[in-house]
Amino acid sequence: MKKYKKVFSAIISSCFLAGVVFMALYFMGIVNPIQGGKGSNEKEAADKHSAPTDETDSKKDTIEEPWQIVFKGFEFLVKPLGKAIIHESGCLNIRSCDEYLIQIDVEDRTVEEFWENRDEKIHNLEDAGYVMQLMPEKTDVDGKEYIRYIVSLENERGADFDNSYFYILLTEAYEERRFLAAVRFDGTDVASLSMEERASLYEKALKETTDIISSTFPANKSDDAPGTYFIEEKPAAHLSEDSFSADEITISYKIPEGYGLTEDNEAGKTYYSEEDRAHVIISIIPYAWIAAEDIAERKSSAGISKVVTEGDCEINGVTYYYYTYSVMFMEKGEKNCSYYFHAFADLENGDIYSIYGFADKNPKILDEKFYYDFMDIEQIEN
């Protein structure tokens with residue numbers, strides 16, 4: 001059966017490329033054409049949704065139970081597929097497929113304000129290098145009025161394709177506020193599509209985005225914290241040992257009993273223990289210009305949280321520098337804590353090996369001995 005989890009990320013994230021941040025934040029009134037957007041860190045801790053007890057309930061929950069995400073005073077009901085993140089730059093980011101990313105913001109402005117000043121907005125966009133693929137127009141979707149337009153940007157830094165495309169939607173919210181959605185087609189070479197294929201892709205993105213917005217209503221509870229995200233949990237692959245490769249080196253290590261592999265990509269590998277309700281993420285950081293000790297001393301992921309412990313330890317000739325911290329959160333009116341562990345070690349090729357653990361209500365993950373298997377590594381040159 002499928003399960004879903006709510007997470008608070010503490011990994012440095014690259015959720016956005018420069019173009020979409022500029023374009024979206026400009027229309028949100030956060031930046032102007034000569035300024036830029038800014039990235040941020042994200043905080044992470046696991047909170048698994050309750051699982052149904054039989055196959056019938058499992059199918060029902062998988063299909064019908066949405067993620068309930070509270071953002072800027074509104075509750076968004078999002079289909080539990082892929083990943084949804086409350087990014088610290090000020091947007092709710094939703095990715096349910098590889099074709100595009102949906103960003104949604106809530107602004108203290110009306111749609112009419114945009115419509116009356118649309119010529120100026122278009123002029124500023126064009127000065128910044130964007131090309132209008134569809135001029136702003138009003139359209140009706142399921143009885144709700146939207147303003148929509150489409151822009152493209154040539155040679156966006158970091159983009160996979162020569163031209164990046166963005167589908168923008170605005171509609172009224174409540175009490176003279178508005179929703180703004182920016183769909184970035186970062187996984188699709190839109191310019192290479194036929195007119196029919198392009199129209200089909202736009203229609204798919206439009207339907208998903210408007211379905212999310214139409215499900216939204218004013219919330220009667222506090223916003224989820226920036227950095228919170230909801231993610232579809234994949235079945236764990238149970239292994240006794242594993243490895244991770246980057247650049248010119250491969251790191252091999254043992255997997256503690258009860259831990260299974262849940263994520264495997266270029267950024268690292270994630271392991272999860274149902275018993276400990278703990279996640280461990282391992283990765284290799286290609287930062288030859290900085291030492292592992294320096295990264296640990298910065299304690300950047302802790303933010304304003306108080307560091308619980310810090311120090312170093314040696315496992316089979318490899319020295320690890322670590323620090324731990326906790327973050328308090330409220331659950332059903334009670335105070336609880338999420339716990340975090342970060343450790344870094346210099347590798348033989350100059351890269352840095354990173355171990356990151358986190359869990360709710362489980363302080364034992366703060367103990368460096370908890371990660372012995374992940375620290376007992378073998379380094380192999382590729």
# chains A, B, ... in the order shown; residues from 1 in each chain; ligands from 1
$ residues_around --residues "stretch 235-245 of chain A" --least-positions-apart "6" --cutoff "9 Å" --atoms "only C-alpha atoms" --output "PyMOL selection string"
chain A and resi 1-3+251-263+266+268-269+271-272+282-284+382
$ select_by_dssp --residues "stretch 184-313 of chain A" --states "strand (DSSP E or B)" --output "PyMOL selection string"
chain A and resi 184+217-218+228-233+237-238+241-246+249-254+259-265+268-273+278-285+307-313
$ closest_residue --among "A:Ser338, A:Thr309, A:Gln379, A:Thr216" --to "A:Glu248" --atoms "only C-alpha atoms"
A:Gln379
$ atom_distance --atom1 "atom CA of A:Gly311" --atom2 "atom CA of A:Thr228"
28.3 Å
$ closest_residue --among "A:Arg109, A:Lys335, A:His279, A:Lys221" --to "A:Tyr371" --atoms "only C-alpha atoms"
A:His279
$ closest_atom_pairs --of "stretch 169-278 of chain A" --to "stretch 78-97 of chain A" --cutoff "8 Å" --atoms "only C-alpha atoms" --output "JSON lines"
{"residue": "A:Ile212", "atom": "CA", "partner": "A:Val78", "partner_atom": "CA", "distance": 6.1}
{"residue": "A:Asp224", "atom": "CA", "partner": "A:Ile86", "partner_atom": "CA", "distance": 7.8}
{"residue": "A:Ala225", "atom": "CA", "partner": "A:Ile86", "partner_atom": "CA", "distance": 7.5}
{"residue": "A:Pro226", "atom": "CA", "partner": "A:Glu88", "partner_atom": "CA", "distance": 5.1}
{"residue": "A:Gly227", "atom": "CA", "partner": "A:Ile86", "partner_atom": "CA", "distance": 5.4}
{"residue": "A:Thr228", "atom": "CA", "partner": "A:Ile86", "partner_atom": "CA", "distance": 5.5}
{"residue": "A:Tyr229", "atom": "CA", "partner": "A:Ile85", "partner_atom": "CA", "distance": 4.0}
{"residue": "A:Phe230", "atom": "CA", "partner": "A:Ala84", "partner_atom": "CA", "distance": 5.1}
{"residue": "A:Ile231", "atom": "CA", "partner": "A:Lys83", "partner_atom": "CA", "distance": 4.4}
{"residue": "A:Glu232", "atom": "CA", "partner": "A:Gly82", "partner_atom": "CA", "distance": 5.3}
$ atom_distance --atom1 "atom CA of A:Thr270" --atom2 "atom CA of A:Glu378"
18.6 Å
$ residues_around --residues "A:Phe185" --least-positions-apart "5" --cutoff "10 Å" --atoms "only C-alpha atoms" --output "list in words"
Val20, Asp98, Glu99, Tyr100, Leu101, Ile102, Ser152, Asn163, Ser164, Tyr165, Phe166, Tyr167, Val190, Leu201, Tyr202 and Ala205 of chain A
